[in-house]
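Text of run.txt, listed as compact mmCIF, C-alpha atoms and all ligand atoms:
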# COMPACT_ATOMS: atom_id res chain seq x y z
CA MET A 1 -55.10 36.18 70.73
CA THR A 2 -53.10 37.28 73.78
CA PRO A 3 -50.53 34.62 74.64
CA VAL A 4 -51.25 32.88 77.91
CA LEU A 5 -47.51 32.69 78.58
CA GLU A 6 -44.81 34.73 76.94
CA LEU A 7 -41.10 35.30 77.34
CA THR A 8 -39.71 38.52 75.87
CA GLY A 9 -35.96 38.92 75.60
CA VAL A 10 -35.45 36.73 78.63
CA ALA A 11 -32.08 35.81 80.09
CA ALA A 12 -31.36 33.81 83.23
CA ARG A 13 -28.30 32.96 85.25
CA TYR A 14 -27.78 30.68 88.21
CA ARG A 15 -26.48 32.12 91.43
CA GLY A 16 -22.71 32.42 91.41
CA ALA A 17 -22.44 31.74 87.68
CA ARG A 18 -20.60 34.21 85.48
CA THR A 19 -22.61 33.68 82.32
CA ASP A 20 -26.29 33.39 81.44
CA VAL A 21 -27.59 29.86 80.91
CA VAL A 22 -30.30 31.14 78.58
CA SER A 23 -30.45 34.48 76.82
CA GLY A 24 -32.37 36.42 74.20
CA ILE A 25 -35.36 34.12 74.61
CA SER A 26 -38.61 35.30 73.06
CA LEU A 27 -41.48 32.92 72.69
CA ALA A 28 -45.23 33.01 73.03
CA VAL A 29 -47.67 30.28 73.97
CA ARG A 30 -51.21 30.95 72.81
CA PRO A 31 -54.31 29.39 74.38
CA GLY A 32 -54.97 25.88 73.10
CA GLU A 33 -51.60 25.66 71.42
CA SER A 34 -48.91 23.14 72.22
CA LEU A 35 -45.25 23.98 72.17
CA ALA A 36 -42.30 21.62 72.38
CA LEU A 37 -38.89 22.71 73.63
CA VAL A 38 -36.17 20.50 72.21
CA GLY A 39 -32.40 20.51 72.37
CA GLU A 40 -29.50 18.55 73.79
CA SER A 41 -29.03 17.94 77.48
CA GLY A 42 -27.77 21.14 79.11
CA ALA A 43 -29.28 23.39 76.41
CA GLY A 44 -31.47 25.16 79.00
CA LYS A 45 -34.85 23.49 78.48
CA THR A 46 -35.60 22.92 82.16
CA THR A 47 -34.43 26.45 82.95
CA LEU A 48 -36.96 27.80 80.44
CA LEU A 49 -39.75 25.79 82.04
CA ARG A 50 -38.70 27.08 85.48
CA LEU A 51 -38.91 30.63 84.13
CA LEU A 52 -42.37 29.94 82.69
CA LEU A 53 -43.43 28.53 86.06
CA GLY A 54 -42.15 31.54 87.96
CA LEU A 55 -39.69 29.29 89.84
CA ALA A 56 -36.72 31.13 88.37
CA ARG A 57 -36.50 34.89 87.90
CA PRO A 58 -35.14 36.34 84.68
CA THR A 59 -32.04 38.53 84.85
CA ALA A 60 -33.25 40.33 81.73
CA GLY A 61 -36.52 40.54 79.86
CA GLU A 62 -39.96 39.63 81.07
CA VAL A 63 -42.22 36.66 81.73
CA ARG A 64 -45.84 37.51 80.95
CA PHE A 65 -49.01 35.72 81.97
CA ASP A 66 -52.21 36.66 80.15
CA GLY A 67 -50.41 39.72 78.83
CA ALA A 68 -49.23 41.06 82.22
CA PRO A 69 -45.71 40.76 83.64
CA LEU A 70 -45.50 38.02 86.23
CA ALA A 71 -45.29 39.73 89.60
CA PRO A 72 -44.64 37.37 92.52
CA ARG A 73 -45.86 40.03 94.96
CA ASP A 74 -49.22 40.35 93.24
CA ARG A 75 -51.20 37.83 95.28
CA GLU A 76 -54.28 37.94 93.11
CA GLN A 77 -52.23 37.32 89.97
CA MET A 78 -50.21 34.55 91.63
CA ARG A 79 -53.41 32.83 92.64
CA ARG A 80 -54.74 32.93 89.07
CA PHE A 81 -51.35 31.83 87.84
CA ARG A 82 -51.06 28.84 90.18
CA ARG A 83 -54.56 27.79 89.38
CA GLY A 84 -54.09 28.22 85.64
CA VAL A 85 -50.59 26.84 85.15
CA GLN A 86 -49.60 23.44 86.48
CA CYS A 87 -46.68 21.15 85.81
CA VAL A 88 -45.51 17.56 85.57
CA PHE A 89 -41.88 16.64 86.17
CA GLN A 90 -39.67 14.04 84.60
CA ASP A 91 -39.17 11.57 87.41
CA PRO A 92 -42.39 10.02 88.75
CA TYR A 93 -40.39 8.37 91.56
CA SER A 94 -39.04 11.51 93.20
CA SER A 95 -41.96 13.82 92.41
CA LEU A 96 -44.55 12.04 94.60
CA ASP A 97 -44.24 12.09 98.41
CA PRO A 98 -43.93 8.38 99.39
CA ARG A 99 -45.47 8.95 102.84
CA ARG A 100 -48.75 10.35 101.59
CA ARG A 101 -51.67 8.53 100.09
CA VAL A 102 -52.38 9.16 96.42
CA GLY A 103 -55.66 10.90 97.28
CA ALA A 104 -53.83 13.47 99.43
CA ILE A 105 -51.13 13.94 96.78
CA VAL A 106 -53.66 14.58 94.03
CA ALA A 107 -55.71 16.90 96.27
CA GLU A 108 -52.71 19.04 97.15
CA PRO A 109 -53.24 21.81 94.53
CA LEU A 110 -56.89 22.14 95.63
CA ARG A 111 -55.81 22.60 99.24
CA SER A 112 -53.00 25.00 98.54
CA LEU A 113 -55.34 27.09 96.42
CA GLY A 114 -58.00 26.91 99.12
CA LEU A 115 -60.48 25.60 96.57
CA ASP A 116 -61.84 22.79 98.65
CA SER A 117 -62.21 21.41 102.09
CA ARG A 118 -60.96 17.91 102.73
CA ALA A 119 -64.40 16.40 102.08
CA GLY A 120 -65.15 18.59 99.08
CA ALA A 121 -61.95 17.51 97.39
CA ALA A 122 -62.84 13.81 97.25
CA PRO A 123 -65.11 13.88 94.18
CA LYS A 124 -62.65 16.07 92.27
CA VAL A 125 -59.78 13.72 93.16
CA ALA A 126 -61.85 10.73 92.05
CA ALA A 127 -62.68 12.46 88.76
CA ALA A 128 -59.02 13.40 88.18
CA LEU A 129 -57.90 9.80 88.83
CA GLU A 130 -60.56 8.49 86.50
CA GLY A 131 -59.52 11.05 83.89
CA VAL A 132 -56.01 9.58 83.80
CA GLY A 133 -57.26 6.01 83.70
CA LEU A 134 -56.65 5.01 87.33
CA PRO A 135 -59.29 3.34 89.52
CA ALA A 136 -60.93 5.55 92.16
CA ASP A 137 -59.58 3.30 94.96
CA ALA A 138 -56.07 4.40 93.96
CA ALA A 139 -56.71 7.35 96.28
CA GLU A 140 -56.37 5.09 99.33
CA ARG A 141 -53.04 3.63 98.25
CA TYR A 142 -49.42 4.82 98.39
CA PRO A 143 -47.15 5.73 95.45
CA HIS A 144 -44.89 2.67 95.93
CA GLU A 145 -47.82 0.43 95.02
CA PHE A 146 -47.77 1.83 91.48
CA SER A 147 -45.56 1.36 88.43
CA GLY A 148 -43.63 4.22 86.80
CA GLY A 149 -46.32 4.80 84.18
CA GLN A 150 -49.07 4.77 86.80
CA ARG A 151 -47.08 7.20 88.93
CA GLN A 152 -46.80 9.56 86.00
CA ARG A 153 -50.58 9.29 85.64
CA ILE A 154 -50.89 10.24 89.32
CA ALA A 155 -48.65 13.27 88.67
CA ILE A 156 -50.85 14.21 85.71
CA ALA A 157 -53.99 13.79 87.87
CA ARG A 158 -52.44 16.14 90.45
CA ALA A 159 -51.58 18.66 87.76
CA THR A 160 -55.05 18.61 86.24
CA VAL A 161 -57.27 18.36 89.36
CA CYS A 162 -57.77 22.13 89.55
CA ASP A 163 -58.65 22.27 85.86
CA PRO A 164 -55.65 24.36 84.74
CA ARG A 165 -55.47 26.04 81.35
CA VAL A 166 -51.81 25.26 80.83
CA LEU A 167 -49.77 22.17 81.55
CA LEU A 168 -45.99 22.42 81.55
CA ALA A 169 -44.25 19.07 81.34
CA ASP A 170 -40.53 18.45 81.66
CA GLU A 171 -39.60 15.22 79.84
CA PRO A 172 -42.82 13.65 81.11
CA VAL A 173 -42.24 10.29 79.47
CA SER A 174 -38.44 9.92 79.32
CA ALA A 175 -38.29 7.85 82.51
CA LEU A 176 -40.86 5.38 81.17
CA ASP A 177 -40.41 2.24 79.10
CA VAL A 178 -41.49 2.38 75.48
CA THR A 179 -44.99 0.88 75.70
CA THR A 180 -45.87 2.88 78.81
CA ARG A 181 -44.50 5.97 77.09
CA VAL A 182 -46.96 5.57 74.21
CA LYS A 183 -49.90 5.31 76.62
CA VAL A 184 -48.93 8.41 78.58
CA VAL A 185 -48.45 10.35 75.33
CA GLU A 186 -51.95 9.24 74.31
CA LEU A 187 -53.28 10.47 77.65
CA LEU A 188 -51.68 13.89 77.13
CA ALA A 189 -53.10 14.05 73.60
CA GLU A 190 -56.56 13.26 74.98
CA LEU A 191 -56.32 16.00 77.65
CA LYS A 192 -55.28 18.44 74.97
CA ARG A 193 -58.10 17.45 72.64
CA GLU A 194 -60.89 17.13 75.15
CA ARG A 195 -60.12 19.99 77.51
CA GLY A 196 -58.37 22.34 75.13
CA LEU A 197 -55.39 22.20 77.46
CA THR A 198 -52.42 24.33 76.42
CA LEU A 199 -49.26 22.25 76.59
CA VAL A 200 -45.60 23.23 76.87
CA MET A 201 -43.44 20.18 76.80
CA VAL A 202 -39.75 19.54 77.04
CA SER A 203 -38.70 16.38 75.29
CA HIS A 204 -35.64 14.99 73.64
CA ASP A 205 -37.81 12.38 71.97
CA LEU A 206 -38.62 13.98 68.64
CA SER A 207 -41.30 11.40 67.79
CA VAL A 208 -43.20 12.41 70.95
CA VAL A 209 -42.86 16.06 69.93
CA ALA A 210 -44.06 15.35 66.43
CA SER A 211 -47.17 13.55 67.65
CA LEU A 212 -48.18 16.01 70.39
CA CYS A 213 -47.07 19.54 69.63
CA GLU A 214 -48.03 21.87 66.81
CA ARG A 215 -45.11 24.17 67.47
CA THR A 216 -41.47 23.50 68.25
CA ALA A 217 -38.66 25.70 69.52
CA VAL A 218 -35.10 24.41 69.23
CA LEU A 219 -32.66 25.40 71.94
CA GLU A 220 -28.90 25.29 71.58
CA HIS A 221 -26.60 26.50 74.37
CA GLY A 222 -29.32 28.64 75.93
CA ARG A 223 -30.52 30.28 72.73
CA ILE A 224 -33.46 29.55 70.48
CA VAL A 225 -31.96 28.79 67.09
CA GLU A 226 -35.21 27.98 65.36
CA GLN A 227 -38.93 27.99 66.09
CA GLY A 228 -42.09 27.45 64.09
CA THR A 229 -44.63 24.80 63.33
CA THR A 230 -43.40 21.32 64.17
CA ALA A 231 -44.00 20.29 60.55
CA GLN A 232 -41.65 23.05 59.38
CA VAL A 233 -39.01 22.71 62.05
CA LEU A 234 -38.73 18.92 62.00
CA GLY A 235 -39.78 18.47 58.37
CA ALA A 236 -37.55 21.08 56.78
CA PRO A 237 -35.13 22.32 59.42
CA GLY A 238 -33.51 25.63 58.59
CA HIS A 239 -30.73 25.45 61.15
CA PRO A 240 -27.77 23.03 61.09
CA TYR A 241 -28.23 22.30 64.80
CA THR A 242 -31.80 21.07 64.20
CA ARG A 243 -30.54 18.91 61.35
CA ARG A 244 -27.94 17.38 63.66
CA LEU A 245 -30.62 16.70 66.30
CA LEU A 246 -32.73 14.97 63.67
CA ASP A 247 -29.76 13.00 62.37
CA SER A 248 -29.03 11.75 65.86
CA VAL A 249 -32.42 10.02 66.05
CA PRO A 250 -31.87 6.31 65.54
CA ARG A 251 -33.78 4.92 62.58
CA LEU A 252 -34.64 1.40 61.65
CA PRO A 253 -32.49 0.26 58.71
N1 LIG A 301 -29.46 24.79 89.88
C1 LIG A 301 -28.47 25.05 89.01
N2 LIG A 301 -27.36 25.74 89.38
C2 LIG A 301 -26.39 26.02 88.51
N3 LIG A 301 -26.39 25.66 87.20
C3 LIG A 301 -27.45 24.98 86.76
C4 LIG A 301 -28.55 24.64 87.63
N4 LIG A 301 -29.48 23.96 86.90
C5 LIG A 301 -28.98 23.88 85.64
N5 LIG A 301 -27.77 24.49 85.55
C6 LIG A 301 -26.96 24.61 84.34
O1 LIG A 301 -27.70 25.32 83.37
C7 LIG A 301 -27.54 24.75 82.08
C8 LIG A 301 -28.87 24.41 81.50
O2 LIG A 301 -29.47 23.40 82.29
P1 LIG A 301 -30.96 22.86 82.08
O3 LIG A 301 -31.86 24.01 81.94
O4 LIG A 301 -31.22 21.88 83.16
O5 LIG A 301 -30.81 22.13 80.66
P2 LIG A 301 -31.66 20.95 80.00
O6 LIG A 301 -32.95 20.83 80.74
O7 LIG A 301 -31.81 21.38 78.57
O8 LIG A 301 -30.83 19.72 80.09
C9 LIG A 301 -26.61 23.56 82.25
O9 LIG A 301 -25.32 23.96 81.88
C10 LIG A 301 -26.70 23.26 83.71
O10 LIG A 301 -25.48 22.71 84.17
MG MG A 302 -33.82 19.24 81.73

Using structure tokens, write down the structure that the file contains.
Ligand SMILES: Nc1ncnc2c1ncn2[C@@H]1O[C@H](COP(=O)(O)OP(=O)(O)O)[C@@H](O)[C@H]1O
Ligand SMILES: [Mg+2]
Amino acid sequence: MTPVLELTGVAARYRGARTDVVSGISLAVRPGESLALVGESGAGKTTLLRLLLGLARPTAGEVRFDGAPLAPRDREQMRRFRRGVQCVFQDPYSSLDPRRRVGAIVAEPLRSLGLDSRAGAAPKVAAALEGVGLPADAAERYPHEFSGGQRQRIAIARATVCDPRVLLADEPVSALDVTTRVKVVELLAELKRERGLTLVMVSHDLSVVASLCERTAVLEHGRIVEQGTTAQVLGAPGHPYTRRLLDSVPRLP
């Protein structure tokens, strides 16, 4: 099956920097599959997600969407891309505009894609809110009226309202307390199961990775040191860096 997203020999560098932050990255995400990107802080996980989202441009190699190189000037492709690939960020406090009602926030992708008029969006927004376990009247309220976990649900509703094929999530539960974290992970698992959503998730929480993602890629200093099924990578790590990551997970005595 053609990967929905693929990086081939990708490198990236921030403006003014003298070295690449990621390099030699090749990975493929196939439809319906879920991939976790793990590694220490600063390893380049967010940079990889930004490349996959088309928010950062590679300095070498290629980002492919449905088998074709991502071309920001190709309006038709960008439209399919923005409709098909959505994302959720780490911090549910800074990612939602505090001055806008939840209904307008969740409807935003529909508007920017020109999929719906203001009135036509309402039922889709209500369905998206219901899909993440929030009451329909949440649409009339403002983000500050919600807890961190509920805000992350709002962000997930926004990301799923246009029925994307792929959801990219950057540490989607790290800012949440433990019990809320479990519930949001369950919600992501449900979206994956029931809608066949393809998931690419950055997480430093290896138990979240183990429960949600079939595949795992391990990033160290901007390079993938190991990738494969999560069972293989976390169960029988082949690289010393992965073993160190696993050893750093606190265990109950
Ligand atoms: N906007 C930026 N400008 C310059 N350097 C950056 C920027 N964002 C990240 N970096 C650097 O790139 C490296 C990888 O960062 P990042 O992709 O955010 O890692 P991770 O998400 O794994 O913590 C780090 O060394 C970081 O300091
Ligand atoms: Mg990051």

List all protein, DNA and RNA residues that have at least one atom no more than 12 Å from any atom of ligand LIG 301 (chain A), counting only C-alpha atoms and all ligand atoms, and write them as a compact mmCIF listing (two decimals) with C-alpha atoms, keeping the file's coordinate frame.
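Contents of out_15.txt, as written:
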# COMPACT_ATOMS: atom_id res chain seq x y z
CA ALA A 11 -32.08 35.81 80.09
CA ALA A 12 -31.36 33.81 83.23
CA ARG A 13 -28.30 32.96 85.25
CA TYR A 14 -27.78 30.68 88.21
CA ARG A 15 -26.48 32.12 91.43
CA GLY A 16 -22.71 32.42 91.41
CA ALA A 17 -22.44 31.74 87.68
CA ARG A 18 -20.60 34.21 85.48
CA THR A 19 -22.61 33.68 82.32
CA ASP A 20 -26.29 33.39 81.44
CA VAL A 21 -27.59 29.86 80.91
CA VAL A 22 -30.30 31.14 78.58
CA SER A 23 -30.45 34.48 76.82
CA LEU A 37 -38.89 22.71 73.63
CA VAL A 38 -36.17 20.50 72.21
CA GLY A 39 -32.40 20.51 72.37
CA GLU A 40 -29.50 18.55 73.79
CA SER A 41 -29.03 17.94 77.48
CA GLY A 42 -27.77 21.14 79.11
CA ALA A 43 -29.28 23.39 76.41
CA GLY A 44 -31.47 25.16 79.00
CA LYS A 45 -34.85 23.49 78.48
CA THR A 46 -35.60 22.92 82.16
CA THR A 47 -34.43 26.45 82.95
CA LEU A 48 -36.96 27.80 80.44
CA LEU A 49 -39.75 25.79 82.04
CA ARG A 50 -38.70 27.08 85.48
CA LEU A 51 -38.91 30.63 84.13
CA LEU A 55 -39.69 29.29 89.84
CA ALA A 56 -36.72 31.13 88.37
CA PHE A 89 -41.88 16.64 86.17
CA GLN A 90 -39.67 14.04 84.60
CA ALA A 169 -44.25 19.07 81.34
CA ASP A 170 -40.53 18.45 81.66
CA GLU A 171 -39.60 15.22 79.84
CA MET A 201 -43.44 20.18 76.80
CA VAL A 202 -39.75 19.54 77.04
CA SER A 203 -38.70 16.38 75.29
CA HIS A 204 -35.64 14.99 73.64
CA VAL A 218 -35.10 24.41 69.23
CA LEU A 219 -32.66 25.40 71.94
CA GLU A 220 -28.90 25.29 71.58
CA HIS A 221 -26.60 26.50 74.37
CA GLY A 222 -29.32 28.64 75.93
CA ARG A 223 -30.52 30.28 72.73
CA ILE A 224 -33.46 29.55 70.48

Do a neighbour search on A:Val184 at 10 Å with all atoms listed in the file, toss out local chain neighbours closer than 6 positions, and write the hits as JSON, numbers by chain. {"A": [132, 149, 150, 152, 153, 156, 172, 173, 176, 190]}

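Residues in contact range of A:Val209, defined as at most 8 Å between only C-alpha atoms, with sequence neighbours fewer than 5 positions away removed, read Ala36, Ser203, Thr216 and Thr230 of chain A.
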
Quick one, how far is atom CA of A:Thr2 from atom CA of A:Ala155? 28.6 Å

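The gap separating atom CA of A:Ala210 from atom CA of A:Arg181 is 14.2 Å, in Å to one decimal.
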
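In terms of minimum interatomic distance to ligand MG 302 (chain A), A:Ser174 ranks closest within A:Met1, A:Ala28, A:Ser174, A:Asp116, counting only C-alpha atoms and all ligand atoms.
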
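Proximity of A:Glu62, A:Cys162, A:Asp91, A:Arg193 to ligand MG 302 (chain A), computed with all atoms listed in the file, is greatest for A:Asp91.
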
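A straight line drawn from atom CA of A:Arg158 to atom CA of A:Leu197 is 14.6 Å long.
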
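Of the residues under consideration (A:Pro69, A:Ala139, A:Ser34, A:Val102), A:Ser34 shows the shortest atom-to-atom contact distance to A:Leu188 when counting only C-alpha atoms.
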
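Counting only C-alpha atoms and comparing A:Pro58, A:Gly84, A:Pro240, A:Pro98, the residue that lies closest to A:Arg151 is A:Pro98.
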
Within 9 Å of A:Val249, counting only C-alpha atoms, which residues qualify if same-chain residues fewer than 3 places away don't, as a ChimeraX atom specification? /A:205-206,244-246

Place a sphere of radius 7 Å on (-54.3, 36.2, 79.0) in the file coordinates and name every protein, DNA or RNA residue with an atom inside or on its surface, counting all atoms listed in the file; give the answer as a PyMOL selection string. chain A and resi 2-4+65-67

Residues from the last selection, C-alpha atoms, saved as a CSV table (one decimal), keeping the file's coordinate frame:
chain,number,residue,atom,x,y,z
A,2,THR,CA,-53.1,37.3,73.8
A,3,PRO,CA,-50.5,34.6,74.6
A,4,VAL,CA,-51.2,32.9,77.9
A,65,PHE,CA,-49.0,35.7,82.0
A,66,ASP,CA,-52.2,36.7,80.2
A,67,GLY,CA,-50.4,39.7,78.8

Please work out which residues fall within 10 Å of (-51.6, 14.3, 75.5), coordinates as given in the file, with all atoms listed in the file counting, and return them as number ranges by chain. A: 34, 182-194, 197, 199, 208, 211-213

For stretch 1-19 of chain A, where the input has fewer atoms than it should, I would like N, CA and C atoms rebuilt and written as a PDB file, in the frame of the given file.
ATOM      1  N   MET A   1     -54.764  36.567  69.364  1.00  0.00           N
ATOM      2  CA  MET A   1     -55.100  36.180  70.730  1.00  0.00           C
ATOM      3  C   MET A   1     -53.908  36.448  71.654  1.00  0.00           C
ATOM      4  N   THR A   2     -54.184  37.017  72.819  1.00  0.00           N
ATOM      5  CA  THR A   2     -53.100  37.280  73.780  1.00  0.00           C
ATOM      6  C   THR A   2     -52.485  35.956  74.222  1.00  0.00           C
ATOM      7  N   PRO A   3     -51.153  35.860  74.163  1.00  0.00           N
ATOM      8  CA  PRO A   3     -50.530  34.620  74.640  1.00  0.00           C
ATOM      9  C   PRO A   3     -50.840  34.407  76.118  1.00  0.00           C
ATOM     10  N   VAL A   4     -51.026  33.150  76.497  1.00  0.00           N
ATOM     11  CA  VAL A   4     -51.250  32.880  77.910  1.00  0.00           C
ATOM     12  C   VAL A   4     -49.920  32.985  78.658  1.00  0.00           C
ATOM     13  N   LEU A   5     -48.852  32.530  78.016  1.00  0.00           N
ATOM     14  CA  LEU A   5     -47.510  32.690  78.580  1.00  0.00           C
ATOM     15  C   LEU A   5     -46.599  33.254  77.505  1.00  0.00           C
ATOM     16  N   GLU A   6     -45.699  34.136  77.920  1.00  0.00           N
ATOM     17  CA  GLU A   6     -44.810  34.730  76.940  1.00  0.00           C
ATOM     18  C   GLU A   6     -43.477  35.092  77.606  1.00  0.00           C
ATOM     19  N   LEU A   7     -42.410  34.836  76.892  1.00  0.00           N
ATOM     20  CA  LEU A   7     -41.100  35.300  77.340  1.00  0.00           C
ATOM     21  C   LEU A   7     -40.628  36.329  76.328  1.00  0.00           C
ATOM     22  N   THR A   8     -40.198  37.504  76.807  1.00  0.00           N
ATOM     23  CA  THR A   8     -39.710  38.520  75.870  1.00  0.00           C
ATOM     24  C   THR A   8     -38.289  38.905  76.249  1.00  0.00           C
ATOM     25  N   GLY A   9     -37.366  38.564  75.384  1.00  0.00           N
ATOM     26  CA  GLY A   9     -35.960  38.920  75.600  1.00  0.00           C
ATOM     27  C   GLY A   9     -35.392  38.419  76.917  1.00  0.00           C
ATOM     28  N   VAL A  10     -35.802  37.220  77.295  1.00  0.00           N
ATOM     29  CA  VAL A  10     -35.450  36.730  78.630  1.00  0.00           C
ATOM     30  C   VAL A  10     -34.039  36.125  78.691  1.00  0.00           C
ATOM     31  N   ALA A  11     -33.346  36.458  79.763  1.00  0.00           N
ATOM     32  CA  ALA A  11     -32.080  35.810  80.090  1.00  0.00           C
ATOM     33  C   ALA A  11     -32.162  35.330  81.526  1.00  0.00           C
ATOM     34  N   ALA A  12     -31.392  34.290  81.851  1.00  0.00           N
ATOM     35  CA  ALA A  12     -31.360  33.810  83.230  1.00  0.00           C
ATOM     36  C   ALA A  12     -29.977  33.274  83.535  1.00  0.00           C
ATOM     37  N   ARG A  13     -29.633  33.341  84.802  1.00  0.00           N
ATOM     38  CA  ARG A  13     -28.300  32.960  85.250  1.00  0.00           C
ATOM     39  C   ARG A  13     -28.439  32.346  86.624  1.00  0.00           C
ATOM     40  N   TYR A  14     -27.711  31.278  86.873  1.00  0.00           N
ATOM     41  CA  TYR A  14     -27.780  30.680  88.210  1.00  0.00           C
ATOM     42  C   TYR A  14     -26.861  31.420  89.153  1.00  0.00           C
ATOM     43  N   ARG A  15     -27.242  31.418  90.406  1.00  0.00           N
ATOM     44  CA  ARG A  15     -26.480  32.120  91.430  1.00  0.00           C
ATOM     45  C   ARG A  15     -25.011  31.724  91.386  1.00  0.00           C
ATOM     46  N   GLY A  16     -24.150  32.702  91.385  1.00  0.00           N
ATOM     47  CA  GLY A  16     -22.710  32.420  91.410  1.00  0.00           C
ATOM     48  C   GLY A  16     -22.121  32.183  90.027  1.00  0.00           C
ATOM     49  N   ALA A  17     -22.976  31.994  89.016  1.00  0.00           N
ATOM     50  CA  ALA A  17     -22.440  31.740  87.680  1.00  0.00           C
ATOM     51  C   ALA A  17     -22.018  33.059  87.030  1.00  0.00           C
ATOM     52  N   ARG A  18     -21.069  32.976  86.096  1.00  0.00           N
ATOM     53  CA  ARG A  18     -20.600  34.210  85.480  1.00  0.00           C
ATOM     54  C   ARG A  18     -21.258  34.486  84.133  1.00  0.00           C
ATOM     55  N   THR A  19     -21.929  33.459  83.597  1.00  0.00           N
ATOM     56  CA  THR A  19     -22.610  33.680  82.320  1.00  0.00           C
ATOM     57  C   THR A  19     -24.065  33.234  82.410  1.00  0.00           C
TER      58      THR A  19
END
